[in-house]
$ cat input.cif   # mmCIF, C-alpha atoms and all ligand atoms
data_final
#
loop_
_atom_site.label_atom_id
_atom_site.label_comp_id
_atom_site.auth_asym_id
_atom_site.auth_seq_id
_atom_site.Cartn_x
_atom_site.Cartn_y
_atom_site.Cartn_z
CA MET V 10 33.83 -36.39 -174.89
CA ALA V 11 32.24 -33.00 -175.33
CA LYS V 12 30.19 -32.42 -178.44
CA VAL V 13 30.09 -29.10 -180.22
CA LEU V 14 26.81 -28.62 -182.05
CA VAL V 15 25.97 -25.72 -184.34
CA VAL V 16 22.36 -24.74 -184.96
CA THR V 17 22.33 -23.08 -188.36
CA SER V 18 20.14 -22.36 -191.39
CA GLY V 19 21.32 -19.58 -193.67
CA LYS V 20 17.89 -17.95 -193.59
CA GLY V 21 16.76 -15.83 -190.65
CA GLY V 22 13.59 -16.31 -188.64
CA VAL V 23 13.33 -20.05 -189.21
CA GLY V 24 13.76 -21.04 -185.55
CA LYS V 25 17.50 -21.35 -184.81
CA THR V 26 17.44 -19.46 -181.53
CA THR V 27 14.21 -21.17 -180.44
CA SER V 28 15.73 -24.56 -181.28
CA THR V 29 19.06 -23.82 -179.58
CA ALA V 30 17.25 -22.98 -176.34
CA ALA V 31 14.81 -25.88 -176.59
CA LEU V 32 17.42 -28.53 -177.45
CA GLY V 33 19.82 -27.15 -174.85
CA ALA V 34 17.22 -27.32 -172.11
CA ALA V 35 16.11 -30.78 -173.23
CA LEU V 36 19.66 -32.17 -173.11
CA ALA V 37 20.30 -30.41 -169.78
CA GLN V 38 17.19 -31.94 -168.25
CA SER V 39 18.59 -35.37 -169.03
CA GLY V 40 21.41 -34.52 -166.63
CA GLN V 41 24.07 -33.54 -169.14
CA ASN V 42 26.04 -30.32 -168.74
CA VAL V 43 25.04 -27.95 -171.50
CA VAL V 44 26.08 -24.48 -172.57
CA VAL V 45 24.27 -22.53 -175.26
CA VAL V 46 26.47 -19.95 -176.99
CA ASP V 47 25.05 -16.95 -178.82
CA PHE V 48 27.09 -16.13 -181.94
CA ASP V 49 24.67 -13.48 -183.18
CA VAL V 50 26.89 -10.50 -182.39
CA GLY V 51 25.00 -7.20 -182.37
CA LEU V 52 21.61 -8.90 -182.45
CA ARG V 53 21.70 -11.11 -179.44
CA ASN V 54 18.40 -12.80 -178.63
CA LEU V 55 19.26 -16.08 -177.01
CA ASP V 56 19.47 -14.32 -173.62
CA LEU V 57 15.88 -13.11 -174.06
CA VAL V 58 14.54 -16.48 -175.15
CA MET V 59 16.32 -18.07 -172.19
CA GLY V 60 15.10 -15.39 -169.75
CA ALA V 61 18.63 -14.33 -168.78
CA GLU V 62 18.61 -10.82 -170.27
CA ARG V 63 18.60 -9.06 -166.90
CA ARG V 64 21.67 -10.95 -165.75
CA VAL V 65 24.10 -10.41 -168.63
CA VAL V 66 27.38 -8.87 -167.48
CA PHE V 67 30.07 -10.11 -169.82
CA ASP V 68 29.78 -11.70 -173.23
CA LEU V 69 31.61 -13.87 -175.74
CA ILE V 70 33.67 -10.95 -177.07
CA ASN V 71 34.79 -9.95 -173.56
CA VAL V 72 36.03 -13.50 -173.06
CA VAL V 73 37.64 -13.67 -176.51
CA GLN V 74 39.47 -10.40 -175.84
CA GLY V 75 40.51 -11.42 -172.34
CA ASP V 76 38.45 -8.74 -170.51
CA ALA V 77 36.63 -11.42 -168.55
CA ARG V 78 37.12 -15.01 -167.57
CA LEU V 79 34.85 -17.58 -169.14
CA SER V 80 33.47 -18.45 -165.71
CA GLN V 81 32.50 -14.82 -165.21
CA ALA V 82 30.60 -14.58 -168.49
CA LEU V 83 28.65 -17.83 -168.15
CA ILE V 84 25.15 -17.41 -166.74
CA ARG V 85 23.62 -20.41 -165.10
CA ASP V 86 19.93 -21.04 -165.73
CA LYS V 87 17.80 -20.52 -162.63
CA ARG V 88 15.45 -23.39 -163.39
CA CYS V 89 17.91 -26.01 -164.62
CA GLU V 90 21.32 -26.04 -163.00
CA THR V 91 23.03 -28.08 -165.71
CA LEU V 92 22.20 -25.41 -168.29
CA SER V 93 24.30 -22.27 -168.89
CA ILE V 94 24.34 -19.52 -171.46
CA LEU V 95 27.22 -17.55 -172.93
CA PRO V 96 25.68 -14.35 -174.36
CA ALA V 97 26.73 -12.51 -177.50
CA SER V 98 27.83 -8.91 -177.39
CA GLN V 99 25.09 -6.43 -178.18
CA THR V 100 27.27 -3.40 -178.75
CA ARG V 101 30.56 -4.55 -180.16
CA ASP V 102 31.54 -5.13 -183.72
CA LYS V 103 31.49 -8.72 -184.91
CA ASP V 104 35.03 -8.30 -186.24
CA ALA V 105 36.09 -8.36 -182.59
CA LEU V 106 35.57 -12.13 -182.75
CA THR V 107 38.96 -13.42 -183.85
CA SER V 108 39.29 -16.99 -185.06
CA GLU V 109 42.05 -17.69 -182.51
CA GLY V 110 39.99 -16.19 -179.69
CA VAL V 111 36.95 -18.26 -180.58
CA ALA V 112 39.11 -21.38 -180.82
CA ARG V 113 40.46 -20.78 -177.30
CA VAL V 114 36.99 -20.25 -175.84
CA MET V 115 35.62 -23.35 -177.59
CA ASP V 116 38.48 -25.45 -176.16
CA GLU V 117 37.71 -24.18 -172.70
CA LEU V 118 33.98 -24.84 -173.14
CA ARG V 119 34.70 -28.40 -174.29
CA GLU V 120 36.47 -29.02 -171.00
CA LYS V 121 33.60 -27.73 -168.88
CA PHE V 122 30.55 -29.11 -170.67
CA ASP V 123 29.14 -32.23 -172.33
CA TRP V 124 27.38 -30.16 -174.99
CA VAL V 125 28.38 -26.83 -176.50
CA ILE V 126 25.47 -25.61 -178.62
CA CYS V 127 26.23 -22.65 -180.89
CA ASP V 128 23.35 -20.48 -182.07
CA SER V 129 24.40 -19.22 -185.49
CA PRO V 130 23.52 -15.82 -186.91
CA ALA V 131 21.60 -15.80 -190.17
CA GLY V 132 23.50 -15.53 -193.44
CA ILE V 133 26.50 -17.34 -194.84
CA GLU V 134 29.13 -14.76 -193.98
CA ARG V 135 31.88 -14.72 -191.40
CA GLY V 136 29.58 -14.80 -188.36
CA ALA V 137 27.83 -17.96 -189.52
CA GLN V 138 31.15 -19.52 -190.49
CA LEU V 139 32.70 -18.79 -187.09
CA ALA V 140 29.70 -20.37 -185.38
CA MET V 141 30.06 -23.58 -187.40
CA TYR V 142 33.86 -23.83 -187.61
CA HIS V 143 34.40 -25.95 -184.48
CA ALA V 144 31.28 -28.07 -184.84
CA ASP V 145 31.28 -31.86 -184.59
CA MET V 146 27.57 -31.90 -185.35
CA ALA V 147 25.14 -29.57 -187.04
CA VAL V 148 21.40 -29.10 -186.77
CA ILE V 149 20.13 -27.48 -189.95
CA VAL V 150 16.91 -25.71 -189.12
CA THR V 151 14.62 -25.58 -192.14
CA ASN V 152 11.06 -24.46 -192.73
CA PRO V 153 9.10 -26.31 -195.40
CA GLU V 154 9.26 -23.53 -197.93
CA VAL V 155 11.41 -22.89 -200.98
CA SER V 156 13.77 -20.13 -199.83
CA SER V 157 14.52 -21.84 -196.53
CA VAL V 158 15.34 -25.13 -198.26
CA ARG V 159 17.58 -23.36 -200.75
CA ASP V 160 19.48 -21.57 -197.98
CA SER V 161 19.83 -24.82 -196.05
CA ASP V 162 21.46 -26.33 -199.11
CA ARG V 163 24.02 -23.52 -199.15
CA ILE V 164 24.73 -24.04 -195.47
CA ILE V 165 25.21 -27.78 -195.97
CA GLY V 166 27.80 -26.89 -198.62
CA LEU V 167 29.63 -24.66 -196.14
CA LEU V 168 29.53 -27.32 -193.43
CA ASP V 169 31.24 -29.66 -195.89
CA SER V 170 33.95 -27.18 -196.84
CA LYS V 171 34.50 -24.38 -194.30
CA THR V 172 34.71 -26.23 -191.01
CA LYS V 173 37.63 -27.60 -189.06
CA LYS V 174 36.31 -31.12 -189.62
CA ALA V 175 36.19 -30.50 -193.38
CA GLU V 176 39.76 -29.15 -193.35
CA GLN V 177 40.85 -32.34 -191.59
CA GLY V 178 39.12 -34.44 -194.23
CA GLU V 179 36.33 -35.44 -191.87
CA LYS V 180 32.62 -34.70 -191.95
CA VAL V 181 30.39 -32.72 -189.67
CA ASP V 182 27.52 -34.94 -188.57
CA LYS V 183 24.50 -33.18 -190.12
CA HIS V 184 20.85 -33.38 -189.06
CA LEU V 185 17.76 -31.78 -190.49
CA LEU V 186 15.27 -30.20 -188.11
CA LEU V 187 12.06 -29.21 -189.83
CA THR V 188 10.40 -26.44 -187.85
CA ARG V 189 7.25 -24.31 -188.03
CA TYR V 190 5.59 -27.29 -189.68
CA ASP V 191 1.85 -26.90 -190.16
CA PRO V 192 0.18 -30.33 -190.51
CA ALA V 193 -3.07 -28.83 -191.81
CA ARG V 194 -1.32 -26.90 -194.59
CA ALA V 195 0.82 -29.92 -195.36
CA ALA V 196 -2.32 -32.05 -195.71
CA ARG V 197 -3.71 -29.49 -198.16
CA LYS V 198 -0.40 -29.72 -200.06
CA GLU V 199 0.25 -26.01 -199.62
CA MET V 200 3.62 -26.67 -198.09
CA LEU V 201 6.57 -28.76 -199.16
CA SER V 202 6.14 -32.19 -197.60
CA VAL V 203 8.65 -33.75 -195.24
CA GLU V 204 9.56 -36.23 -197.96
CA ASP V 205 10.12 -33.44 -200.49
CA VAL V 206 12.53 -31.62 -198.20
CA LEU V 207 14.38 -34.81 -197.26
CA GLU V 208 14.70 -35.81 -200.89
CA ILE V 209 16.13 -32.43 -201.87
CA LEU V 210 18.56 -31.99 -198.99
CA SER V 211 19.31 -35.68 -198.39
CA ILE V 212 20.49 -35.47 -194.81
CA PRO V 213 18.92 -37.46 -191.94
CA LEU V 214 15.84 -36.10 -190.22
CA LEU V 215 16.24 -35.14 -186.57
CA GLY V 216 12.68 -34.09 -185.95
CA ILE V 217 9.59 -32.20 -187.04
CA VAL V 218 8.58 -29.29 -184.83
CA PRO V 219 5.05 -28.03 -185.47
CA GLU V 220 4.06 -24.40 -185.69
CA SER V 221 2.68 -23.73 -182.22
CA GLU V 222 1.62 -20.87 -180.01
CA ASP V 223 3.39 -22.61 -177.13
CA VAL V 224 6.67 -21.49 -178.70
CA LEU V 225 5.58 -17.87 -178.66
CA LYS V 226 4.24 -18.04 -175.11
CA SER V 227 7.48 -19.58 -173.90
CA SER V 228 9.58 -16.88 -175.47
CA ASN V 229 7.26 -14.27 -173.97
CA VAL V 230 8.01 -15.52 -170.48
CA GLY V 231 11.68 -16.15 -171.24
CA ALA V 232 11.94 -19.92 -171.08
CA PRO V 233 12.86 -22.61 -173.60
CA VAL V 234 9.66 -24.40 -174.65
CA THR V 235 11.09 -27.64 -173.22
CA LEU V 236 11.13 -25.99 -169.79
CA ALA V 237 8.01 -23.80 -169.98
CA ALA V 238 5.65 -26.25 -171.67
CA PRO V 239 7.33 -29.67 -171.58
CA ALA V 240 4.14 -31.54 -172.50
CA SER V 241 3.38 -29.40 -175.55
CA LEU V 242 3.78 -30.78 -179.07
CA PRO V 243 6.82 -28.65 -179.98
CA ALA V 244 8.51 -29.55 -176.68
CA ARG V 245 7.88 -33.25 -177.28
CA ALA V 246 9.43 -32.94 -180.73
CA TYR V 247 12.48 -31.21 -179.21
CA PHE V 248 12.84 -33.80 -176.42
CA GLU V 249 12.83 -36.57 -179.01
CA ALA V 250 15.30 -34.69 -181.19
CA ALA V 251 17.59 -34.32 -178.16
CA ARG V 252 17.44 -38.07 -177.55
CA ARG V 253 18.36 -38.71 -181.16
CA LEU V 254 21.30 -36.32 -180.83
CA SER V 255 22.41 -38.36 -177.84
CA GLY V 256 22.48 -41.41 -180.07
CA GLU V 257 19.11 -43.04 -179.43
CA LYS V 258 17.38 -44.58 -182.42
CA LEU V 259 13.83 -43.30 -182.41
CA GLU V 260 11.34 -43.19 -185.24
CA VAL V 261 10.47 -39.63 -186.28
CA SER V 262 6.74 -39.03 -186.29
CA VAL V 263 4.71 -36.13 -187.59
CA PRO V 264 3.45 -34.38 -184.47
CA VAL V 265 -0.31 -34.33 -184.20
CA GLU V 266 -2.39 -33.39 -181.22
CA LYS V 267 -4.29 -36.37 -179.84
CA ARG V 268 -6.90 -34.62 -177.80
CA GLY V 269 -10.10 -35.67 -176.19
CA PHE V 270 -13.10 -33.43 -175.91
CA PHE V 271 -12.23 -32.30 -172.40
CA ASP V 272 -8.66 -31.38 -173.28
CA TRP V 273 -10.08 -29.33 -176.08
CA LEU V 274 -12.53 -27.63 -173.74
CA PHE V 275 -9.84 -26.68 -171.23
CA LYS V 276 -7.13 -25.83 -173.71
CA ARG V 277 -7.59 -22.09 -173.10
CA ASP V 278 -4.83 -21.73 -170.56
CA ALA V 279 -2.07 -19.17 -171.06
CA MET W 9 -13.66 -7.17 -165.08
CA SER W 10 -16.34 -8.86 -167.10
CA PHE W 11 -16.58 -12.58 -167.66
CA LEU W 12 -15.31 -12.24 -171.20
CA SER W 13 -12.34 -10.05 -170.42
CA ASN W 14 -11.52 -12.54 -167.70
CA ILE W 15 -11.17 -15.30 -170.24
CA PHE W 16 -9.07 -13.11 -172.49
CA ALA W 17 -6.95 -11.81 -169.64
CA ARG W 18 -5.59 -15.31 -169.16
CA ARG W 19 -4.68 -15.42 -172.82
CA GLN W 20 -2.78 -12.18 -172.54
CA GLN W 21 -0.76 -13.23 -169.53
CA SER W 22 2.38 -14.25 -171.37
CA SER W 23 2.35 -11.20 -173.62
CA SER W 24 2.16 -8.83 -170.67
CA VAL W 25 5.13 -10.62 -169.14
CA ALA W 26 6.89 -10.09 -172.46
CA LYS W 27 6.07 -6.40 -172.41
CA ASP W 28 7.37 -5.93 -168.86
CA ARG W 29 10.58 -7.77 -169.68
CA LEU W 30 11.14 -5.71 -172.80
CA GLN W 31 10.49 -2.43 -171.03
CA ILE W 32 13.09 -3.18 -168.38
CA LEU W 33 15.62 -4.43 -170.91
CA LEU W 34 15.16 -1.58 -173.38
CA ALA W 35 15.27 1.08 -170.66
CA HIS W 36 18.71 -0.26 -169.69
CA GLU W 37 19.90 -0.66 -173.28
CA ARG W 38 18.81 2.85 -174.28
CA SER W 39 20.32 4.59 -171.28
CA ALA W 40 23.47 2.55 -171.74
CA GLY W 41 24.11 3.57 -175.33
CA GLU W 42 27.32 2.18 -176.78
CA GLY W 43 28.41 -0.23 -174.09
CA GLY W 44 27.81 2.43 -171.40
CA GLU W 45 26.21 0.39 -168.67
CA SER W 46 28.46 -2.61 -169.10
CA ASP W 47 31.43 -0.27 -169.22
CA LEU W 48 30.37 1.11 -165.86
CA ILE W 49 30.09 -2.39 -164.43
CA ARG W 50 33.47 -3.28 -165.89
CA GLN W 51 35.03 -0.14 -164.41
CA LEU W 52 33.52 -0.83 -160.98
CA HIS W 53 34.71 -4.40 -161.17
CA LYS W 54 38.22 -3.34 -162.15
CA GLU W 55 38.59 -0.74 -159.40
CA ILE W 56 37.07 -2.91 -156.69
CA MET W 57 39.46 -5.68 -157.68
CA GLU W 58 42.41 -3.30 -157.53
CA VAL W 59 41.52 -2.35 -153.96
CA ILE W 60 41.13 -5.98 -152.93
CA ALA W 61 44.39 -6.94 -154.68
CA ARG W 62 46.26 -4.47 -152.44
CA HIS W 63 45.40 -6.66 -149.48
CA VAL W 64 45.09 -10.20 -150.76
CA ALA W 65 46.09 -12.14 -153.81
CA VAL W 66 42.89 -13.21 -155.51
CA ASP W 67 42.47 -15.70 -158.27
CA GLN W 68 40.45 -14.04 -161.04
CA ASP W 69 38.60 -17.30 -161.58
CA LYS W 70 37.30 -17.10 -158.01
CA VAL W 71 35.60 -13.78 -158.61
CA GLN W 72 31.96 -13.91 -159.67
CA ILE W 73 30.15 -10.83 -160.83
CA LYS W 74 26.39 -10.89 -160.98
CA VAL W 75 23.93 -8.30 -162.14
CA ASP W 76 20.17 -8.30 -161.91
CA ARG W 77 18.58 -5.40 -163.74
CA GLY W 78 15.28 -4.25 -162.33
CA SER W 79 12.82 -1.55 -163.24
CA GLY W 80 13.66 0.72 -160.31
CA CYS W 81 17.21 -0.32 -159.50
CA SER W 82 19.74 -2.99 -160.37
CA MET W 83 21.72 -5.33 -158.17
CA LEU W 84 25.45 -5.62 -158.63
CA GLU W 85 26.96 -8.50 -156.73
CA ILE W 86 30.70 -9.15 -156.63
CA ASP W 87 31.62 -12.41 -155.01
CA VAL W 88 35.28 -12.78 -154.07
CA GLU W 89 36.59 -16.03 -152.72
CA VAL W 90 39.26 -14.94 -150.22
CA PRO W 91 42.23 -17.32 -150.22
CA GLN W 92 42.77 -19.86 -147.44
CA GLU W 93 45.95 -18.15 -146.23
CA LEU W 94 44.11 -15.16 -144.81
CA ASN W 95 41.40 -17.31 -143.24
CA GLY W 96 44.14 -19.44 -141.65
CA LYS W 97 45.86 -16.47 -140.01
CA ARG W 98 42.61 -15.28 -138.55
CA GLY W 99 41.68 -18.71 -137.30
CA ALA W 100 45.04 -19.58 -135.74
N1 LIG D 301 7.58 -23.99 -183.92
C1 LIG D 301 7.27 -22.69 -183.90
N2 LIG D 301 5.98 -22.29 -183.79
C2 LIG D 301 5.65 -20.98 -183.78
N3 LIG D 301 6.55 -19.98 -183.83
C3 LIG D 301 7.85 -20.31 -183.93
C4 LIG D 301 8.29 -21.66 -183.97
N4 LIG D 301 9.64 -21.66 -184.07
C5 LIG D 301 10.04 -20.37 -184.07
N5 LIG D 301 8.98 -19.54 -183.99
C6 LIG D 301 8.97 -18.09 -183.99
O1 LIG D 301 9.63 -17.63 -185.15
C7 LIG D 301 10.38 -16.45 -184.89
C8 LIG D 301 11.83 -16.64 -185.30
O2 LIG D 301 12.39 -17.65 -184.49
P1 LIG D 301 13.92 -17.62 -184.06
O3 LIG D 301 14.16 -18.84 -183.24
O4 LIG D 301 14.28 -16.32 -183.47
O5 LIG D 301 14.59 -17.77 -185.50
P2 LIG D 301 16.10 -17.53 -185.95
O6 LIG D 301 16.97 -17.64 -184.73
O7 LIG D 301 16.34 -18.62 -186.94
O8 LIG D 301 16.14 -16.18 -186.58
C9 LIG D 301 10.21 -16.17 -183.41
O9 LIG D 301 9.21 -15.21 -183.23
C10 LIG D 301 9.77 -17.51 -182.84
O10 LIG D 301 8.98 -17.36 -181.68
MG MG D 302 18.41 -16.23 -183.97
#

$ encode --input "input.cif" --output "structure tokens" --more "lines below"
Ligand SMILES: Nc1ncnc2c1ncn2[C@@H]1O[C@H](COP(=O)(O)OP(=O)(O)O)[C@@H](O)[C@H]1O
Ligand SMILES: [Mg+2]
Amino acid sequence: MAKVLVVTSGKGGVGKTTSTAALGAALAQSGQNVVVVDFDVGLRNLDLVMGAERRVVFDLINVVQGDARLSQALIRDKRCETLSILPASQTRDKDALTSEGVARVMDELREKFDWVICDSPAGIERGAQLAMYHADMAVIVTNPEVSSVRDSDRIIGLLDSKTKKAEQGEKVDKHLLLTRYDPARAARKEMLSVEDVLEILSIPLLGIVPESEDVLKSSNVGAPVTLAAPASLPARAYFEAARRLSGEKLEVSVPVEKRGFFDWLFKRDA
Amino acid sequence: MSFLSNIFARRQQSSSVAKDRLQILLAHERSAGEGGESDLIRQLHKEIMEVIARHVAVDQDKVQIKVDRGSGCSMLEIDVEVPQELNGKRGA
């Protein structure tokens, strides 16, 4: 059975697009068929992070409006053949996304893929609600700081009330992904701790992704961090999170670099 | 290039890739304006399909359109799977 997963947060800039790409590529590398769908109409970025920006022809709105077939709008990743992207429209108005149209596209995606991962726009308005409406599962991306946690709480409320699952009296399966986590600042107690965030939001923890320059480098070259730097700390956190999403029971650990002197010496690669 | 700039050049590698990618993308987005470039592709696609449809019945799902935007030029690739029927006639 296909799973529809929304990656959401309320707040912008917390790592939704980064996480969508990284989790998508991690699940795809395990052999499952994955599509990542950009719902950020007008501000598409998932194509850039995935390195597909030069190949975009049609987008979600074209498919919703019947100007293109789904198969024509899907772009297959060049490095991982089980991974595809459905881009958002850059030029059209987000009102062009009708609820019925999105429902039809999601049904079609469910038939073609094992995982449909929806990258939500920031905010709590219509765009974010459309992205989450069909979700079976949600990854709530949160940074350990007050405004991000507050916005995550709002989003959790919406997931429990404004989704198809909620309307049917069921629950969206919610997971917390703590990103841009800085172990040094956490140790100095300058940041909310993992426990603090978990206590406030009280949803299960999917993973802790450290703040890392590997994320930036990967987006520079247009590859999910789980493809560009699979051995890096953030990639390892995303691979483990992907295994948990697939149902494996794994202990979540705080990612710390275990490096010898020589690793440290040669760490200056690009 | 000095020894030092050599070390730092490696650090800059990914950012210069980022710059190149952005320059290509933004050049296309700016010249396109409101949907311009994709409208052109859509128009080409539509008219090419009309011509083909005059001769053979094609399943829209068997038509793949690919674009690769470059700095100097772009590639437009339209892949049409021609139905068996026509192949059969030729072969027989
Ligand atoms: N773990 C991380 N370490 C360092 N930078 C990160 C990390 N996660 C995200 N970023 C950076 O934060 C910025 C916002 O990330 P993005 O995924 O676009 O957020 P959103 O989609 O939630 O707006 C980007 O520049 C991205 O490279
Ligand atoms: Mg985003």

$ closest_residue --input "input.cif" --among "W:Val88, W:Val75, W:Val64, W:Cys81" --to "chain V" --atoms "all atoms listed in the file"
W:Val75

$ interface_residues --input "input.cif" --of "chain V" --to "chain W" --cutoff "6 Å" --atoms "only C-alpha atoms" --output "JSON, numbers by chain"
{"V": [63, 64, 81, 100, 226, 229, 230, 279]}

$ atom_distance --input "input.cif" --atom1 "atom CA of Asp87 of chain W" --atom2 "atom CA of Arg78 of chain V"
14.0 Å

$ residues_near_ligand --input "input.cif" --ligand "ligand MG 302 (chain D)" --cutoff "8 Å" --atoms "all atoms listed in the file" --output "VMD selection string"
chain V and resid 21 to 22 24 to 27 49 53 to 55 128 to 131

$ write_last_selection --input "input.cif" --atoms "C-alpha atoms" --output "CSV table (one decimal), keeping the file's coordinate frame"
chain,number,residue,atom,x,y,z
V,21,GLY,CA,16.8,-15.8,-190.6
V,22,GLY,CA,13.6,-16.3,-188.6
V,24,GLY,CA,13.8,-21.0,-185.6
V,25,LYS,CA,17.5,-21.4,-184.8
V,26,THR,CA,17.4,-19.5,-181.5
V,27,THR,CA,14.2,-21.2,-180.4
V,49,ASP,CA,24.7,-13.5,-183.2
V,53,ARG,CA,21.7,-11.1,-179.4
V,54,ASN,CA,18.4,-12.8,-178.6
V,55,LEU,CA,19.3,-16.1,-177.0
V,128,ASP,CA,23.4,-20.5,-182.1
V,129,SER,CA,24.4,-19.2,-185.5
V,130,PRO,CA,23.5,-15.8,-186.9
V,131,ALA,CA,21.6,-15.8,-190.2

$ atom_distance --input "input.cif" --atom1 "atom CA of Ser93 of chain V" --atom2 "atom CA of Glu179 of chain V"
29.1 Å

$ atom_distance --input "input.cif" --atom1 "atom CA of Glu117 of chain V" --atom2 "atom CA of Asp145 of chain V"
15.5 Å

$ residues_around --input "input.cif" --residues "Val66 of chain W" --least-positions-apart "3" --cutoff "12 Å" --atoms "all atoms listed in the file" --output "list in words"
Ile56, Met57, Glu58, Val59, Ile60, Ala61, Arg62, His63, Asp69, Lys70, Val71, Gln72, Asp87, Val88, Glu89, Val90, Pro91, Gln92, Glu93 and Leu94 of chain W

$ closest_residue --input "input.cif" --among "V:Thr188, V:Ser108, V:Gln41, V:Thr29" --to "Val158 of chain V" --atoms "only C-alpha atoms"
V:Thr188

$ axis_aligned_box --input "input.cif" --around "ligand LIG 301 (chain D)" --padding-each-side "8 Å" --output "lines of an AutoDock Vina configuration file"
center_x = 11.3
center_y = -19.6
center_z = -184.3
size_x = 27.3
size_y = 24.8
size_z = 21.3

$ residues_near_point --input "input.cif" --point "(15.4, -20.8, -196.8)" --cutoff "12 Å" --atoms "all atoms listed in the file" --output "PyMOL selection string"
chain V and resi 17-24+131-133+149-164+187-188+206+210

$ write_last_selection --input "input.cif" --atoms "C-alpha atoms" --output "compact mmCIF listing (two decimals), keeping the file's coordinate frame"
# COMPACT_ATOMS: atom_id res chain seq x y z
CA THR V 17 22.33 -23.08 -188.36
CA SER V 18 20.14 -22.36 -191.39
CA GLY V 19 21.32 -19.58 -193.67
CA LYS V 20 17.89 -17.95 -193.59
CA GLY V 21 16.76 -15.83 -190.65
CA GLY V 22 13.59 -16.31 -188.64
CA VAL V 23 13.33 -20.05 -189.21
CA GLY V 24 13.76 -21.04 -185.55
CA ALA V 131 21.60 -15.80 -190.17
CA GLY V 132 23.50 -15.53 -193.44
CA ILE V 133 26.50 -17.34 -194.84
CA ILE V 149 20.13 -27.48 -189.95
CA VAL V 150 16.91 -25.71 -189.12
CA THR V 151 14.62 -25.58 -192.14
CA ASN V 152 11.06 -24.46 -192.73
CA PRO V 153 9.10 -26.31 -195.40
CA GLU V 154 9.26 -23.53 -197.93
CA VAL V 155 11.41 -22.89 -200.98
CA SER V 156 13.77 -20.13 -199.83
CA SER V 157 14.52 -21.84 -196.53
CA VAL V 158 15.34 -25.13 -198.26
CA ARG V 159 17.58 -23.36 -200.75
CA ASP V 160 19.48 -21.57 -197.98
CA SER V 161 19.83 -24.82 -196.05
CA ASP V 162 21.46 -26.33 -199.11
CA ARG V 163 24.02 -23.52 -199.15
CA ILE V 164 24.73 -24.04 -195.47
CA LEU V 187 12.06 -29.21 -189.83
CA THR V 188 10.40 -26.44 -187.85
CA VAL V 206 12.53 -31.62 -198.20
CA LEU V 210 18.56 -31.99 -198.99

$ closest_residue --input "input.cif" --among "V:Val263, V:Leu236, V:Leu225, V:Ala61" --to "ligand LIG 301 (chain D)" --atoms "all atoms listed in the file"
V:Leu225

$ closest_residue --input "input.cif" --among "V:Ser255, V:Ser241, V:Ser170, V:Ser28" --to "ligand LIG 301 (chain D)" --atoms "all atoms listed in the file"
V:Ser28

$ closest_residue --input "input.cif" --among "V:Val261, V:Val73, V:Val148, V:Tyr190" --to "Asp116 of chain V" --atoms "only C-alpha atoms"
V:Val73
